[in-house]
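Enquirer: One file is attached below, model-v4.pdb, containing PDB, C-alpha atoms, pLDDT in the B column.
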ATOM      1  CA  LEU A 987      14.065  75.295 158.495  1.00 48.00           C
ATOM      2  CA  ILE A 988      17.671  74.253 158.012  1.00 52.00           C
ATOM      3  CA  LEU A 989      18.062  74.067 161.778  1.00 49.00           C
ATOM      4  CA  GLN A 990      14.942  71.945 162.036  1.00 51.00           C
ATOM      5  CA  ILE A 991      16.233  69.550 159.363  1.00 53.00           C
ATOM      6  CA  GLY A 992      19.550  69.370 161.210  1.00 51.00           C
ATOM      7  CA  ASN A 993      17.744  68.604 164.485  1.00 51.00           C
ATOM      8  CA  ILE A 994      15.640  65.917 162.787  1.00 52.00           C
ATOM      9  CA  LYS A 995      18.761  64.366 161.288  1.00 51.00           C
ATOM     10  CA  ARG A 996      20.456  64.470 164.685  1.00 56.00           C
ATOM     11  CA  MET A 997      17.408  62.863 166.331  1.00 53.00           C
ATOM     12  CA  HIS A 998      17.330  60.240 163.593  1.00 51.00           C
ATOM     13  CA  VAL A 999      21.042  59.520 164.090  1.00 50.00           C
ATOM     14  CA  ASN A1000      20.568  59.376 167.879  1.00 55.00           C
ATOM     15  CA  MET A1001      17.609  56.999 167.472  1.00 58.00           C
ATOM     16  CA  ALA A1002      19.657  54.847 165.120  1.00 54.00           C
ATOM     17  CA  PHE A1003      22.524  54.893 167.623  1.00 53.00           C
ATOM     18  CA  PHE A1004      20.222  53.789 170.457  1.00 55.00           C
ATOM     19  CA  LYS A1005      18.687  51.089 168.260  1.00 57.00           C
ATOM     20  CA  GLN A1006      22.165  49.800 167.405  1.00 56.00           C
ATOM     21  CA  LYS A1007      23.140  49.895 171.065  1.00 54.00           C
ATOM     22  CA  LYS A1008      19.970  48.026 172.009  1.00 55.00           C
ATOM     23  CA  ASN A1009      20.575  45.487 169.234  1.00 56.00           C
ATOM     24  CA  ARG A1010      24.168  45.061 170.433  1.00 56.00           C
ATOM     25  CA  GLN A1011      22.972  44.481 173.977  1.00 52.00           C
ATOM     26  CA  SER A1012      20.425  41.891 172.872  1.00 54.00           C
ATOM     27  CA  SER A1013      23.030  40.405 170.535  1.00 54.00           C
ATOM     28  CA  ASN A1014      25.498  40.187 173.440  1.00 54.00           C
ATOM     29  CA  ARG A1015      22.793  38.633 175.603  1.00 56.00           C
ATOM     30  CA  SER A1016      21.990  36.198 172.791  1.00 55.00           C
ATOM     31  CA  ARG A1017      25.688  35.468 172.254  1.00 56.00           C
ATOM     32  CA  ARG A1018      26.171  34.840 176.005  1.00 58.00           C
ATOM     33  CA  CYS A1019      23.155  32.566 175.963  1.00 56.00           C
ATOM     34  CA  HIS A1020      24.594  30.662 172.972  1.00 52.00           C
ATOM     35  CA  GLU A1021      27.998  30.453 174.652  1.00 54.00           C
ATOM     36  CA  GLN A1022      26.416  29.134 177.840  1.00 57.00           C
ATOM     37  CA  GLN A1023      24.427  26.607 175.810  1.00 57.00           C
ATOM     38  CA  ALA A1024      27.609  25.600 173.984  1.00 51.00           C
ATOM     39  CA  MET A1025      29.375  25.025 177.307  1.00 53.00           C
ATOM     40  CA  ASN A1026      26.438  22.978 178.565  1.00 52.00           C
ATOM     41  CA  ASP A1027      26.330  20.969 175.347  1.00 50.00           C
ATOM     42  CA  PHE A1028      30.083  20.445 175.442  1.00 47.00           C
ATOM     43  CA  SER A1029      29.948  19.180 178.999  1.00 47.00           C
ATOM     44  CA  PHE A1030      27.308  16.621 178.021  1.00 46.00           C
ATOM     45  CA  GLY A1031      29.183  15.495 174.914  1.00 46.00           C
ATOM     46  CA  LEU A1032      26.968  17.210 172.347  1.00 46.00           C
ATOM     47  CA  SER A1033      28.266  19.289 169.496  1.00 46.00           C
ATOM     48  CA  ALA A1034      28.789  22.949 170.318  1.00 47.00           C
ATOM     49  CA  SER A1035      25.875  25.280 169.585  1.00 48.00           C
ATOM     50  CA  PRO A1036      26.377  27.572 166.641  1.00 51.00           C
ATOM     51  CA  THR A1037      26.655  31.332 166.978  1.00 51.00           C
ATOM     52  CA  HIS A1038      23.593  33.539 166.456  1.00 49.00           C
ATOM     53  CA  HIS A1039      24.447  34.066 162.761  1.00 51.00           C
ATOM     54  CA  GLN A1040      24.237  30.374 161.882  1.00 52.00           C
ATOM     55  CA  THR A1041      21.235  28.109 161.768  1.00 51.00           C
ATOM     56  CA  THR A1042      20.780  25.793 164.706  1.00 51.00           C
ATOM     57  CA  VAL A1043      21.280  22.123 163.903  1.00 49.00           C
ATOM     58  CA  MET A1044      20.736  19.623 166.697  1.00 47.00           C
ATOM     59  CA  THR A1045      22.841  16.499 166.591  1.00 45.00           C
ATOM     60  CA  THR A1046      22.462  13.309 168.522  1.00 46.00           C
ATOM     61  CA  ARG A1047      25.054  12.257 171.038  1.00 45.00           C
ATOM     62  CA  GLN A1048      27.747  10.131 169.468  1.00 47.00           C
ATOM     63  CA  PRO A1049      29.103   7.225 171.511  1.00 50.00           C
ATOM     64  CA  GLY A1050      32.619   7.556 172.841  1.00 53.00           C
ATOM     65  CA  PHE A1051      35.302   4.968 172.151  1.00 55.00           C
ATOM     66  CA  ASN A1052      34.461   3.060 175.319  1.00 54.00           C
ATOM     67  CA  GLN A1053      30.750   2.910 174.451  1.00 66.00           C
ATOM     68  CA  LEU A1054      31.101   1.084 171.170  1.00 73.00           C
ATOM     69  CA  PRO A1055      29.524  -2.365 171.055  1.00 77.00           C
ATOM     70  CA  GLY A1056      32.035  -5.052 171.963  1.00 80.00           C
ATOM     71  CA  PHE A1057      34.641  -2.655 173.360  1.00 83.00           C
ATOM     72  CA  ASN A1058      34.491  -4.074 176.894  1.00 84.00           C
ATOM     73  CA  LYS A1059      34.747  -7.636 175.548  1.00 86.00           C
ATOM     74  CA  PHE A1060      37.791  -6.594 173.539  1.00 88.00           C
ATOM     75  CA  LEU A1061      39.387  -5.132 176.686  1.00 88.00           C
ATOM     76  CA  ARG A1062      38.677  -8.321 178.622  1.00 88.00           C
ATOM     77  CA  ASP A1063      40.237 -10.397 175.842  1.00 90.00           C
ATOM     78  CA  VAL A1064      43.356  -8.221 175.909  1.00 92.00           C
ATOM     79  CA  VAL A1065      43.541  -8.566 179.699  1.00 92.00           C
ATOM     80  CA  ARG A1066      43.182 -12.359 179.377  1.00 92.00           C
ATOM     81  CA  VAL A1067      46.125 -12.484 176.977  1.00 94.00           C
ATOM     82  CA  LEU A1068      48.211 -10.277 179.280  1.00 95.00           C
ATOM     83  CA  LEU A1069      47.337 -12.431 182.301  1.00 94.00           C
ATOM     84  CA  ALA A1070      48.120 -15.626 180.366  1.00 94.00           C
ATOM     85  CA  THR A1071      51.541 -14.163 179.537  1.00 95.00           C
ATOM     86  CA  LEU A1072      51.941 -13.170 183.194  1.00 95.00           C
ATOM     87  CA  THR A1073      51.170 -16.781 184.174  1.00 94.00           C
ATOM     88  CA  TYR A1074      53.794 -18.089 181.762  1.00 95.00           C
ATOM     89  CA  PHE A1075      56.509 -15.788 183.113  1.00 95.00           C
ATOM     90  CA  MET A1076      55.581 -16.544 186.724  1.00 94.00           C
ATOM     91  CA  PHE A1077      55.902 -20.276 186.123  1.00 94.00           C
ATOM     92  CA  CYS A1078      59.207 -19.726 184.293  1.00 93.00           C
ATOM     93  CA  GLY A1079      60.622 -17.787 187.260  1.00 90.00           C
ATOM     94  CA  ASN A1080      60.687 -14.262 185.799  1.00 92.00           C
ATOM     95  CA  PRO A1081      58.564 -12.174 188.173  1.00 93.00           C
ATOM     96  CA  GLU A1082      60.069  -8.900 186.898  1.00 94.00           C
ATOM     97  CA  ILE A1083      58.560  -9.408 183.459  1.00 94.00           C
ATOM     98  CA  ALA A1084      55.326 -10.697 185.020  1.00 94.00           C
ATOM     99  CA  LEU A1085      55.133  -7.492 187.070  1.00 94.00           C
ATOM    100  CA  GLY A1086      55.161  -5.486 183.836  1.00 95.00           C
ATOM    101  CA  PHE A1087      52.320  -7.568 182.421  1.00 95.00           C
ATOM    102  CA  SER A1088      50.373  -7.133 185.658  1.00 94.00           C
ATOM    103  CA  ILE A1089      50.671  -3.347 185.428  1.00 94.00           C
ATOM    104  CA  ALA A1090      49.735  -3.459 181.735  1.00 94.00           C
ATOM    105  CA  SER A1091      46.602  -5.519 182.451  1.00 94.00           C
ATOM    106  CA  ILE A1092      45.511  -3.020 185.120  1.00 92.00           C
ATOM    107  CA  ALA A1093      46.104  -0.139 182.713  1.00 91.00           C
ATOM    108  CA  VAL A1094      44.056  -1.831 179.988  1.00 91.00           C
ATOM    109  CA  ILE A1095      41.060  -2.882 182.092  1.00 88.00           C
ATOM    110  CA  ARG A1096      40.632   0.562 183.622  1.00 87.00           C
ATOM    111  CA  PHE A1097      39.407   1.878 180.255  1.00 83.00           C
ATOM    112  CA  GLY A1098      36.319  -0.346 180.456  1.00 79.00           C
ATOM    113  CA  LYS A1099      32.968   0.423 182.021  1.00 78.00           C
ATOM    114  CA  LEU A1100      32.892   0.202 185.779  1.00 76.00           C
ATOM    115  CA  ALA A1101      29.272  -0.961 185.691  1.00 75.00           C
ATOM    116  CA  SER A1102      30.283  -4.221 184.001  1.00 78.00           C
ATOM    117  CA  ILE A1103      30.543  -7.128 186.438  1.00 85.00           C
ATOM    118  CA  LYS A1104      32.913  -8.994 184.123  1.00 84.00           C
ATOM    119  CA  ASN A1105      35.244  -5.981 183.937  1.00 85.00           C
ATOM    120  CA  ILE A1106      35.221  -5.762 187.730  1.00 87.00           C
ATOM    121  CA  GLN A1107      36.087  -9.472 188.025  1.00 88.00           C
ATOM    122  CA  TRP A1108      39.010  -9.272 185.605  1.00 89.00           C
ATOM    123  CA  GLY A1109      40.118  -6.007 187.163  1.00 88.00           C
ATOM    124  CA  LEU A1110      40.176  -7.631 190.605  1.00 91.00           C
ATOM    125  CA  LEU A1111      42.253 -10.504 189.254  1.00 92.00           C
ATOM    126  CA  ALA A1112      44.671  -8.031 187.661  1.00 91.00           C
ATOM    127  CA  PHE A1113      44.886  -6.063 190.918  1.00 93.00           C
ATOM    128  CA  LEU A1114      45.478  -9.308 192.850  1.00 92.00           C
ATOM    129  CA  MET A1115      48.382 -10.207 190.581  1.00 92.00           C
ATOM    130  CA  LEU A1116      50.107  -6.867 191.231  1.00 93.00           C
ATOM    131  CA  PRO A1117      51.007  -7.384 194.925  1.00 94.00           C
ATOM    132  CA  LEU A1118      51.893 -11.023 194.290  1.00 93.00           C
ATOM    133  CA  SER A1119      54.229  -9.977 191.482  1.00 94.00           C
ATOM    134  CA  ILE A1120      55.769  -7.230 193.618  1.00 94.00           C
ATOM    135  CA  TRP A1121      56.268  -9.703 196.486  1.00 94.00           C
ATOM    136  CA  ALA A1122      57.964 -12.212 194.161  1.00 94.00           C
ATOM    137  CA  VAL A1123      60.261  -9.507 192.729  1.00 94.00           C
ATOM    138  CA  PHE A1124      61.131  -8.323 196.237  1.00 94.00           C
ATOM    139  CA  LEU A1125      61.971 -11.859 197.390  1.00 93.00           C
ATOM    140  CA  LYS A1126      64.064 -12.449 194.262  1.00 92.00           C
ATOM    141  CA  SER A1127      66.060  -9.288 194.994  1.00 92.00           C
ATOM    142  CA  CYS A1128      66.498 -10.449 198.605  1.00 91.00           C
ATOM    143  CA  ILE A1129      67.923 -13.764 197.386  1.00 89.00           C
ATOM    144  CA  ALA A1130      70.490 -11.878 195.305  1.00 87.00           C
ATOM    145  CA  SER A1131      71.632  -9.888 198.346  1.00 88.00           C
ATOM    146  CA  ILE A1132      72.061 -12.891 200.690  1.00 87.00           C
ATOM    147  CA  ASP A1133      75.406 -14.646 200.918  1.00 85.00           C
ATOM    148  CA  GLU A1134      74.585 -18.359 200.544  1.00 83.00           C
ATOM    149  CA  ASP A1135      77.797 -19.505 202.270  1.00 84.00           C
ATOM    150  CA  ARG A1136      77.023 -17.682 205.495  1.00 87.00           C
ATOM    151  CA  ALA A1137      73.202 -17.886 205.589  1.00 87.00           C
ATOM    152  CA  TYR A1138      72.312 -20.969 203.573  1.00 88.00           C
ATOM    153  CA  SER A1139      69.150 -21.782 205.540  1.00 89.00           C
ATOM    154  CA  LEU A1140      67.827 -18.197 205.232  1.00 91.00           C
ATOM    155  CA  SER A1141      68.614 -18.210 201.540  1.00 89.00           C
ATOM    156  CA  LEU A1142      66.788 -21.525 201.117  1.00 92.00           C
ATOM    157  CA  ILE A1143      63.705 -20.258 203.004  1.00 93.00           C
ATOM    158  CA  ILE A1144      63.543 -17.099 200.904  1.00 92.00           C
ATOM    159  CA  LYS A1145      63.955 -19.137 197.684  1.00 92.00           C
ATOM    160  CA  PHE A1146      61.027 -21.326 198.737  1.00 94.00           C
ATOM    161  CA  MET A1147      58.947 -18.252 199.579  1.00 94.00           C
ATOM    162  CA  GLU A1148      59.795 -16.626 196.256  1.00 93.00           C
ATOM    163  CA  ARG A1149      59.026 -19.749 194.251  1.00 94.00           C
ATOM    164  CA  GLY A1150      55.834 -20.219 196.281  1.00 94.00           C
ATOM    165  CA  ALA A1151      54.701 -16.664 195.463  1.00 93.00           C
ATOM    166  CA  GLU A1152      55.400 -17.279 191.770  1.00 93.00           C
ATOM    167  CA  ILE A1153      53.508 -20.578 191.759  1.00 94.00           C
ATOM    168  CA  LEU A1154      50.605 -19.112 193.765  1.00 94.00           C
ATOM    169  CA  ALA A1155      50.216 -16.153 191.423  1.00 92.00           C
ATOM    170  CA  GLY A1156      50.578 -18.310 188.334  1.00 92.00           C
ATOM    171  CA  SER A1157      48.121 -20.911 189.660  1.00 94.00           C
ATOM    172  CA  ILE A1158      45.430 -18.370 190.565  1.00 93.00           C
ATOM    173  CA  CYS A1159      45.733 -16.730 187.187  1.00 93.00           C
ATOM    174  CA  ALA A1160      45.853 -20.036 185.278  1.00 93.00           C
ATOM    175  CA  PHE A1161      42.840 -21.359 187.210  1.00 93.00           C
ATOM    176  CA  SER A1162      40.806 -18.258 186.341  1.00 91.00           C
ATOM    177  CA  LEU A1163      41.778 -18.434 182.681  1.00 91.00           C
ATOM    178  CA  VAL A1164      41.035 -22.163 182.398  1.00 91.00           C
ATOM    179  CA  MET A1165      37.662 -21.805 184.126  1.00 90.00           C
ATOM    180  CA  THR A1166      36.742 -18.970 181.767  1.00 87.00           C
ATOM    181  CA  PHE A1167      37.747 -21.082 178.765  1.00 85.00           C
ATOM    182  CA  ILE A1168      35.763 -24.087 180.028  1.00 85.00           C
ATOM    183  CA  GLY A1169      32.741 -21.880 180.688  1.00 78.00           C
ATOM    184  CA  LYS A1170      32.809 -20.474 177.167  1.00 73.00           C
ATOM    185  CA  THR A1171      33.173 -23.869 175.476  1.00 70.00           C
ATOM    186  CA  SER A1172      30.517 -25.682 177.530  1.00 64.00           C
ATOM    187  CA  PRO A1173      27.182 -26.474 175.816  1.00 65.00           C
ATOM    188  CA  GLU A1174      25.268 -24.564 178.526  1.00 65.00           C
ATOM    189  CA  HIS A1175      27.011 -21.371 177.434  1.00 55.00           C
ATOM    190  CA  TYR A1176      25.346 -21.473 174.030  1.00 57.00           C
ATOM    191  CA  GLY A1177      21.883 -22.469 175.236  1.00 55.00           C
ATOM    192  CA  PRO A1178      19.433 -24.977 173.694  1.00 52.00           C
TER     193      PRO A1178
END
Would you mind giving the structure from this file in structure tokens?

Expert:
Amino acid sequence: LILQIGNIKRMHVNMAFFKQKKNRQSSNRSRRCHEQQAMNDFSFGLSASPTHHQTTVMTTRQPGFNQLPGFNKFLRDVVRVLLATLTYFMFCGNPEIALGFSIASIAVIRFGKLASIKNIQWGLLAFLMLPLSIWAVFLKSCIASIDEDRAYSLSLIIKFMERGAEILAGSICAFSLVMTFIGKTSPEHYGP
């Protein structure tokens, strides 16, 4: 009888061991499933799924910083200010500083939505100002390296080219800014 009780206890312990092992396997499967779901949710911007011990709470997707209402308009306004400053420095004859503002305007507008036509337009203007600014800086450095006593005519031609690049870049940028301002202040902009 004692042996039988011992065998029953052993069988009971073995059954409990197998139940625990089975529960661990299903728990691991469940945990892997939750981890996979958490990775999927994370990749889509949702909050991570809780572990199997917590209750499941579904949350809605929160907008990112570039999806807030008015964010793209704010970026375009910042780019307009940077391009207006670029125009000022181009007309004043400082293409080095204007080059910095051109790079800054490109860096700012790239945070906006690509699907926005207005962002694409201002981004194209910013990208157009970059090679013009680089060309003006290059010509200004060429002027500094030319001896005016020996090559006066070459120096004069490069000065005209450099000043022409500055005026061209400043004029294109100023024209775009003025046309945008006129378009926003016209009565047709606000409707009847």

Enquirer: To one decimal in Å, tell me the separation between atom CA of Ser1091 of chain A and atom CA of Gln1107 of chain A.

Expert: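 Answer for the atom CA of Ser1091 of chain A to atom CA of Gln1107 of chain A separation: 12.5 Å.
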
Enquirer: Please compute the atom CA of Gly1086 of chain A-atom CA of Ile1168 of chain A distance, one decimal, in Å.

Expert: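 Separation between atom CA of Gly1086 of chain A and atom CA of Ile1168 of chain A: 27.1 Å.
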
Enquirer: Between A:Val1064, A:Ala1137, A:Ile1143, A:Ala1070, which is the closest to Gly1098 of chain A once you count all atoms listed in the file?

Expert: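 Of A:Val1064, A:Ala1137, A:Ile1143, A:Ala1070, the one nearest Gly1098 of chain A is A:Val1064, counting all atoms listed in the file.
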
Enquirer: To one decimal in Å, tell me the separation between atom CA of Thr1071 of chain A and atom CA of Ile1103 of chain A.

Expert: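 About the pair atom CA of Thr1071 of chain A and atom CA of Ile1103 of chain A: they are 23.2 Å apart.
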
Enquirer: Using all atoms listed in the file, which of the listed residues (A:Thr1073, A:Thr1171, A:Ser1088, A:Asn1080) sits closest to Ser1157 of chain A?

Expert: A:Thr1073

Enquirer: If we count only C-alpha atoms, what is near segment 1118-1120 of chain A at a cut-off of 9 Å, once residues fewer than 2 positions away on the same chain are taken out, given as a list in words?

Expert: Met1076, Pro1081, Glu1082, Ala1084, Leu1085, Gly1086, Ser1088, Leu1114, Met1115, Leu1116, Ala1122, Val1123, Phe1124, Leu1125, Ala1151, Glu1152, Leu1154 and Ala1155 of chain A

Enquirer: Run the PyMOL selection byres ((chain A and resi 1163) around 12) mentally over the shown coordinates, then write out the matched residues as a list in words, using the chain letters and numbers from the document.

Expert: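 Applied to this file, the PyMOL selection byres ((chain A and resi 1163) around 12) returns Arg1062, Asp1063, Val1065, Arg1066, Val1067, Leu1068, Leu1069, Ala1070, Thr1071, Leu1072, Thr1073, Gln1107, Trp1108, Leu1111, Ala1112, Gly1156, Ser1157, Ile1158, Cys1159, Ala1160, Phe1161, Ser1162, Val1164, Met1165, Thr1166, Phe1167, Ile1168, Gly1169 and Lys1170 of chain A.
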
Enquirer: Which of these, A:Leu1061, A:Ala1130, A:Val1094, A:Leu1110, has the shortest distance to Lys1145 of chain A once you count only C-alpha atoms?

Expert: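 Smallest distance to Lys1145 of chain A is found for A:Ala1130.
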
Enquirer: Would you pick out the contacts of Leu1100 of chain A at 12 Å or less, using all atoms listed in the file, so that residues sharing its chain but fewer than 5 positions from it are not included, and give the list as JSON, numbers by chain?

Expert: {"A": [1052, 1053, 1058, 1095, 1105, 1106, 1107, 1108, 1109, 1110]}

Enquirer: Name the closest residue to Lys1059 of chain A among the candidates A:Ile1083, A:Ile1089, A:Ser1102, A:Cys1078; distances are taken between atoms, counting all atoms listed in the file.

Expert: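 When distances to Lys1059 of chain A are compared using all atoms listed in the file, the smallest one comes from A:Ser1102.
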
Enquirer: Could you tell me which of A:Phe1113, A:Glu1148, A:Leu1054, A:Tyr1074 comes closest to Ser1127 of chain A if we count all atoms listed in the file?

Expert: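 Once distances to Ser1127 of chain A are computed over all atoms listed in the file, the minimum belongs to A:Glu1148.
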